[in-house]
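Q: Here it is, the structure, as structure tokens.
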There are 2 protein chains.
Amino acid sequence: MPGFIDAHVHIESTMVTPDMFAREIIRHGTTTAVIDPHEMANVLGAEGVSYMVKASQDLPVQILTTIPSSVPAVPGLENAGAEFHAKDIIELFNLPNVVGIAELMDYPGVIQQNPRMAKIVQAGLDYNMLNEGHAPRVSGRDLQAYLAAGVNSDHESRGTEEVLEKLRAGMMIYIRESSASQFAHVVAEAWKEIPHAINIAMCTDDVEPNDMYHNGQMNRVVRRTIEEGVPAPLAIRFATLGGAMRYGLRDQGAISAGYVANFLLVNSLETMDVQDVYVKGKQIVTNGNVTEEIASSVPPLRKNTVNLPDLTEEDFLIQAPINNGQATLTTIEFTDIGTTVQGEVTLEVIDGMITNLPSDYAYVTVINRHGTGQQKKPFVGIIKNTGLTEGAYATTLAHDSHNLVIIGTSAKDILAAARQIEACGGGMCLVIDEEVKALVELPIAGLMSPKPVEELAKEVDYFSKQAIDMGVSVGKRSPAMALSAIALTVIPDIRVSDLGLVDVVGQELIPLFKHTTES
Amino acid sequence: MPGFIDAHVHIESTMVTPDMFAREIIRHGTTTAVIDPHEMANVLGAEGVSYMVKASQDLPVQILTTIPSSVPAVPGLENAGAEFHAKDIIELFNLPNVVGIAELMDYPGVIQQNPRMAKIVQAGLDYNMLNEGHAPRVSGRDLQAYLAAGVNSDHESRGTEEVLEKLRAGMMIYIRESSASQFAHVVAEAWKEIPHAINIAMCTDDVEPNDMYHNGQMNRVVRRTIEEGVPAPLAIRFATLGGAMRYGLRDQGAISAGYVANFLLVNSLETMDVQDVYVKGKQIVTNGNVTEEIASSVPPLRKNTVNLPDLTEEDFLIQAPINNGQATLTTIEFTDIGTTVQGEVTLEVIDGMITNLPSDYAYVTVINRHGTGQQKKPFVGIIKNTGLTEGAYATTLAHDSHNLVIIGTSAKDILAAARQIEACGGGMCLVIDEEVKALVELPIAGLMSPKPVEELAKEVDYFSKQAIDMGVSVGKRSPAMALSAIALTVIPDIRVSDLGLVDVVGQELIPLFKHTTES
């Protein structure tokens, strides 16, 4: 079959550099990938995007780039490492192999035509770029407004009716199977309603290194789509020609004279396990193993991006506005299905401090690491149902601003985790009694490692196992990453940023303390 | 439904200027047309193409241009008014709204990679242009070679198996219903075999003014496709989104937010008669009538392009290589189905001349009008089964070199016809006893009139009626044009050019006299 075209993928989620990414995805049959270096942009701005593009050239996998649109994702509610306006994005169009503007996540801004987002979308139209979409649960007039603005793809649909409405509106739908979100069944059901739909492609979006290493990449999306009842030839077409049509890649997506000879063989359509892969007619993968050296001449970016304020143990205790008494605090609560809701808890205040948390609760803090918001001490809140029974969990791979997120049961362990992350230039660690139990070093912008995927996969597997041992119960498929999502301020209902608690639906910061009673 | 996109059309065949063309096709629902100014190129070279492009801008119909590839169509076998090499074509890419290289009719040259054609195709690839195809009956290794060279569309398939092979090879197939060739049924049958094929669009190619006026344009192609069993939504998609996908027109081919508001209403899907047409949201056609003024600011090209040598009656008599006796001559014979085969006839020679033709035979001459091949007297040959019983038929609208073609029963009438055409700067005329019986003046390059289609349609209808009265029996659907095809040196088996008889299959000039017997 033709080489797969991944229509939307974040290399950063795989935690490796573009060449190591290419080396792994080609093993799963992907020969073209359209990347969105959103995470690097949020940490390092234009410098980060430029590095990702340059390090993505001249590899056997063709890597095309969409320029991140939402840097920061939610202006005013958090501090990221950079801020992109239309002019910054236009500047980045000059990089090689740029094909569009990446997922316009600020869909309310696009729909309401706020000046910043309206200008960004217009820049895409003016420069003949694809305006890539991100519109979960957007429908009716809002969907039409989003399309009318000039954004016309989506990979975020949650339901079959939602997909149907979008397909019928002419939107390009990418079937996504990422580590955290699986929607092949949803699109397959929609396809059964309108089997002549041609506006379907596929993507992986965010796949973690261990998940990719063990379970595949685009080949998994194809396999899942077939399992859900789409005939194999069509599923394969969505994974190949679909992406080629979307991006105007006239000589890709098919095995035919006049097309680039990117193709692969699988052992069976049921397992979709990739045996051999050819790029431009040259065999790159043989019997499932990469048989050509794949390495970029661009060295891994060396720059410390973890710039923390001076920290003490006290910074991670919650100071109350009263000296002694009772305080009722707004909390974040994980639900059984991994979403978050707002809760509250009433705790004792002793000497101006809240020091004892009930079981089921932990501290959560987001520490600005970009040097952009360090005028004050880190915000510390309270979170319920993480499962964590001891120690602390810390990560700098925390969408979308990638500040340092730490969840812990004690200030001492939170501080130790922060210091460990600072020392290695970013990454993920688990600490118990000030001792590091697991560490994944991600020195490239606190997001990526220069190691190959197979090594990272082992480290992340070990990390997950340790996290589960420490009680973490959120994110069955990905315990290593699920906790970091607490800082993802675009996902309802309540999240946390370096500025405090965020009401995602209301798009505003909310106070930690609801009320207090001095005793 | 969305406005139709005509994927391949020669304005010259409609005999009107681009604005009058736009004024008529929009009445039939076509809002975008990809033109091939092949005829103007063969008469006037770059100047002709440039005029067509400039006169096609800023009309309610969006006119995109492909640059003629085959000027002349058959080098060495005829003299056209210009000659295009890769460098000439590249130069013309700079004109506005150029999207490709027009039908590469010299498919043997492309397949064999002769240097001229190989360079032309490569120019298309280098400049990201579509390389448009023309590959009747090309299959197997030849088809693969044509595709591999980089040409990947076709509108010339004669049979269902041929269409299937091309669709499966990834070639874009245009369903064509022109005045002379109708192939909706062929593609419809192929579609039934592979109903998920998405590489299908539609075109009209060559439609004469009266045919278009009476019978429609793209709406006829859609209607015919539906009649042949393709579901209406798909037939309409082929006529709209199919062309948009081919040419990368990202905001056309659908009625959807974010798309240009080009759309139309028909009275019924069966008749496909167009009621109202909107372009960019503005109503242009109301109740079947164009309600907005459509006119180009570019005036019709004024330049005499009919440059004939000095002619006398004697020039149209056939001189034999003997004084008296018998001569056997190669003839062109029309078959019942309108194709041509080689024949022979033995005639008496008196005083070095052949003066008496049996009934069923007429003289045929092609007179160079471009000033490029006038070193000798016009070639005169003999043709059988035209049906012409008296007078002469003359035309400068004679694919592909558009020299002056005259078929007549007497040298006197042939000369009179030549002088009439010369006097009006090109066109078509019928003469009996030196009297003009019908005349269609085409002063723009001998191809087009500045008049609107409805007037031309009447003139051509009258011309056809007169031609039938004179006995012309070739071309049931288009008696006005069928005879001119005798100079179309790319269609088997035998044709005639200003240089003599052309063996199309052998691609060589053949002598008129086979043998003679002096008496």
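Chain lettering (A, B, ...) mirrors the order of the structure tokens, residue numbering begins at 1 for each chain separately, and ligand numbering begins at 1 in order of display.
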List every residue of chain B that has an atom at most 6 Å from any atom of chain A, giving for each one its closest atom pair and the distance in Å to one decimal, counting only C-alpha atoms, sorted by chain and then by ascending residue number, as CSV.

A:
residue,atom,partner,partner_atom,distance
B:Gln144,CA,A:Ala257,CA,5.8
B:Leu147,CA,A:Gly258,CA,5.3
B:Ala148,CA,A:Gly258,CA,4.0
B:Gly150,CA,A:Gly258,CA,5.3
B:Ala169,CA,A:Ser256,CA,5.9
B:Ser256,CA,A:Ala169,CA,5.9
B:Ala257,CA,A:Ala148,CA,4.4
B:Gly258,CA,A:Ala148,CA,4.0

Q: Tell me, which residues of stretch 350-472 of chain B carry DSSP strand (DSSP E or B), written as a PyMOL selection string?

A: chain B and resi 350+353-354+361-367+370+379-384+392-395+404-408+427-432+435-441+444+448-449

Q: Can you tell me which residues surround A:Met481 at a distance of at most 12 Å, considering only C-alpha atoms, apart from same-chain residues fewer than 5 positions away, and format the answer as a PyMOL selection string?

A: chain A and resi 13-15+179-180+206-211+338+393-399+405+427-429+440+460-461+463-464+467-468+472-476+486-488

Q: Please save C-alpha atoms of the selected residues as an mmCIF file, in the first residue's frame.

A:
data_model
loop_
_atom_site.group_PDB
_atom_site.id
_atom_site.type_symbol
_atom_site.label_atom_id
_atom_site.label_comp_id
_atom_site.auth_asym_id
_atom_site.auth_seq_id
_atom_site.Cartn_x
_atom_site.Cartn_y
_atom_site.Cartn_z
ATOM 1 C CA SER A 13 4.546 14.159 22.328
ATOM 2 C CA THR A 14 6.873 11.387 21.251
ATOM 3 C CA MET A 15 9.560 13.047 23.385
ATOM 4 C CA SER A 179 -2.452 7.901 23.133
ATOM 5 C CA ALA A 180 -5.172 9.779 25.008
ATOM 6 C CA ASP A 206 -0.190 12.931 20.213
ATOM 7 C CA VAL A 207 1.423 9.547 20.713
ATOM 8 C CA GLU A 208 3.771 8.853 23.574
ATOM 9 C CA PRO A 209 7.061 7.090 22.923
ATOM 10 C CA ASN A 210 6.201 3.851 24.693
ATOM 11 C CA ASP A 211 2.731 3.704 23.165
ATOM 12 C CA GLY A 338 -10.573 11.415 33.703
ATOM 13 C CA TYR A 393 5.144 13.842 40.518
ATOM 14 C CA ALA A 394 6.720 16.576 38.368
ATOM 15 C CA THR A 395 6.816 17.321 34.651
ATOM 16 C CA THR A 396 7.718 20.097 32.228
ATOM 17 C CA LEU A 397 5.884 18.319 29.400
ATOM 18 C CA ALA A 398 2.597 19.933 30.327
ATOM 19 C CA HIS A 399 0.393 21.263 27.548
ATOM 20 C CA VAL A 405 3.641 21.068 36.977
ATOM 21 C CA GLY A 427 11.621 16.219 32.025
ATOM 22 C CA MET A 428 9.521 14.076 34.306
ATOM 23 C CA CYS A 429 10.358 12.757 37.754
ATOM 24 C CA VAL A 440 12.866 10.841 32.274
ATOM 25 C CA VAL A 460 8.507 5.962 30.217
ATOM 26 C CA ASP A 461 7.288 2.418 30.867
ATOM 27 C CA PHE A 463 8.109 5.757 35.024
ATOM 28 C CA SER A 464 4.484 4.676 34.560
ATOM 29 C CA ALA A 467 3.683 6.144 39.229
ATOM 30 C CA ILE A 468 1.150 3.352 39.594
ATOM 31 C CA VAL A 472 -1.576 7.272 40.561
ATOM 32 C CA SER A 473 -4.932 6.135 39.248
ATOM 33 C CA VAL A 474 -5.658 8.739 36.576
ATOM 34 C CA GLY A 475 -5.073 7.869 32.923
ATOM 35 C CA LYS A 476 -5.264 4.119 32.540
ATOM 36 C CA ILE A 486 -4.153 19.284 34.837
ATOM 37 C CA ALA A 487 -2.434 22.350 33.350
ATOM 38 C CA LEU A 488 -4.172 22.053 29.965
#

Q: Which residues, written as a PyMOL selection string, have at least one atom at most 10 Å from stretch 157-165 of chain B, with only C-alpha atoms counted and residues fewer than 2 positions away on the same chain left out?

A: chain B and resi 134-140+143+154-155+167-176+181-183+185-194+197

Q: Filtering to C-alpha atoms, could you give me those residues as a PDB file, in the first residue's frame?

A:
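Writing done, so here's result-v1.pdb:
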ATOM      1  CA  HIS B 134      -4.732  13.508 -24.254  1.00  0.00           C
ATOM      2  CA  ALA B 135      -4.209   9.792 -24.726  1.00  0.00           C
ATOM      3  CA  PRO B 136      -6.833   8.075 -26.886  1.00  0.00           C
ATOM      4  CA  ARG B 137      -6.442   4.297 -26.860  1.00  0.00           C
ATOM      5  CA  VAL B 138      -3.142   4.533 -24.976  1.00  0.00           C
ATOM      6  CA  SER B 139      -2.824   1.572 -22.617  1.00  0.00           C
ATOM      7  CA  GLY B 140      -0.440  -0.892 -21.015  1.00  0.00           C
ATOM      8  CA  LEU B 143       0.001   4.463 -20.611  1.00  0.00           C
ATOM      9  CA  ASP B 154      -7.315  12.318 -19.953  1.00  0.00           C
ATOM     10  CA  HIS B 155     -10.566  13.134 -21.713  1.00  0.00           C
ATOM     11  CA  LEU B 167      -8.850   5.245 -13.405  1.00  0.00           C
ATOM     12  CA  ARG B 168      -7.015   2.371 -11.773  1.00  0.00           C
ATOM     13  CA  ALA B 169      -3.705   3.876 -12.831  1.00  0.00           C
ATOM     14  CA  GLY B 170      -4.653   7.018 -10.898  1.00  0.00           C
ATOM     15  CA  MET B 171      -5.261   9.142 -13.970  1.00  0.00           C
ATOM     16  CA  MET B 172      -7.814  11.927 -13.642  1.00  0.00           C
ATOM     17  CA  ILE B 173     -10.594  11.220 -16.133  1.00  0.00           C
ATOM     18  CA  TYR B 174     -12.748  14.000 -17.525  1.00  0.00           C
ATOM     19  CA  ILE B 175     -16.156  12.933 -18.789  1.00  0.00           C
ATOM     20  CA  ARG B 176     -16.439  14.707 -22.127  1.00  0.00           C
ATOM     21  CA  SER B 181     -17.502  13.284 -29.263  1.00  0.00           C
ATOM     22  CA  GLN B 182     -19.753  11.949 -26.513  1.00  0.00           C
ATOM     23  CA  PHE B 183     -18.332   9.666 -23.872  1.00  0.00           C
ATOM     24  CA  HIS B 185     -21.803   6.434 -21.264  1.00  0.00           C
ATOM     25  CA  VAL B 186     -18.279   5.046 -21.382  1.00  0.00           C
ATOM     26  CA  VAL B 187     -17.175   6.650 -18.124  1.00  0.00           C
ATOM     27  CA  ALA B 188     -20.498   5.880 -16.438  1.00  0.00           C
ATOM     28  CA  GLU B 189     -20.026   2.179 -17.182  1.00  0.00           C
ATOM     29  CA  ALA B 190     -16.506   2.307 -15.762  1.00  0.00           C
ATOM     30  CA  TRP B 191     -17.724   4.111 -12.657  1.00  0.00           C
ATOM     31  CA  LYS B 192     -20.158   1.265 -11.986  1.00  0.00           C
ATOM     32  CA  GLU B 193     -17.179  -1.077 -11.698  1.00  0.00           C
ATOM     33  CA  ILE B 194     -15.351   1.143  -9.214  1.00  0.00           C
ATOM     34  CA  ALA B 197     -13.389   6.317  -7.798  1.00  0.00           C
TER      35      ALA B 197
END

Q: Can you work out the spacing between atom CA of A:Gly3 and atom CA of A:Gly253 in Å, to one decimal?

A: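 Computing the Euclidean distance for atom CA of A:Gly3 and atom CA of A:Gly253 yields 6.9 Å.
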
Q: Could you tell me how far atom CA of B:His28 lies from atom CA of B:Gly426, in Å and to one decimal?

A: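 Going from atom CA of B:His28 over to atom CA of B:Gly426 covers 28.6 Å.
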
Q: How far is it from atom CA of A:Ala235 to atom CA of A:Val221, in Å with one decimal?

A: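 About the pair atom CA of A:Ala235 and atom CA of A:Val221: they are 8.9 Å apart.
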
Q: Could you pull the residues within 7 Å of stretch 62-72 of chain A, counting only C-alpha atoms, minus those fewer than 6 positions along the same chain, as an MDAnalysis selection string?

A: chainID A and resid 31:38 41:42 53 56 80 82:84 89 97:106 401

Q: Those residues with C-alpha atoms, as an mmCIF file, in the first residue's frame please?

A:
data_model
loop_
_atom_site.group_PDB
_atom_site.id
_atom_site.type_symbol
_atom_site.label_atom_id
_atom_site.label_comp_id
_atom_site.auth_asym_id
_atom_site.auth_seq_id
_atom_site.Cartn_x
_atom_site.Cartn_y
_atom_site.Cartn_z
ATOM 1 C CA THR A 31 6.381 8.300 4.990
ATOM 2 C CA THR A 32 4.943 11.821 5.239
ATOM 3 C CA ALA A 33 4.014 13.684 8.401
ATOM 4 C CA VAL A 34 2.497 17.125 8.811
ATOM 5 C CA ILE A 35 3.768 18.368 12.124
ATOM 6 C CA ASP A 36 2.609 21.074 14.484
ATOM 7 C CA PRO A 37 5.537 22.180 16.680
ATOM 8 C CA HIS A 38 3.087 23.746 19.080
ATOM 9 C CA ALA A 41 6.612 27.242 20.031
ATOM 10 C CA ASN A 42 5.089 27.678 23.461
ATOM 11 C CA VAL A 53 11.665 22.624 10.884
ATOM 12 C CA SER A 56 13.061 17.825 10.073
ATOM 13 C CA ALA A 80 3.848 30.611 28.132
ATOM 14 C CA ALA A 82 6.262 33.046 23.726
ATOM 15 C CA GLU A 83 3.386 34.852 22.078
ATOM 16 C CA PHE A 84 2.561 34.623 18.353
ATOM 17 C CA ILE A 89 3.297 33.449 11.884
ATOM 18 C CA ASN A 97 8.113 23.000 3.693
ATOM 19 C CA VAL A 98 5.562 25.024 5.578
ATOM 20 C CA VAL A 99 2.053 24.124 4.396
ATOM 21 C CA GLY A 100 -0.345 25.754 6.791
ATOM 22 C CA ILE A 101 -1.352 27.196 10.120
ATOM 23 C CA ALA A 102 -1.714 24.552 12.803
ATOM 24 C CA GLU A 103 -4.893 23.674 14.653
ATOM 25 C CA LEU A 104 -6.702 26.909 15.483
ATOM 26 C CA MET A 105 -7.562 25.812 19.008
ATOM 27 C CA ASP A 106 -8.861 29.189 20.012
ATOM 28 C CA SER A 401 2.456 26.292 28.240
#

Q: Please run DSSP on the backbone and report, as number ranges by chain, all residues within stretch 99-243 of chain A that come out as alpha helix (DSSP H).

A: A: 107-111, 115-126, 140-149, 160-168, 184-193, 209-215, 218-227, 232-237, 243

Q: Go through A:Lys280, A:Lys54, A:Arg224, A:Lys437 and flag the residue nearest A:Asp413, using only C-alpha atoms for the distances.

A: A:Lys437
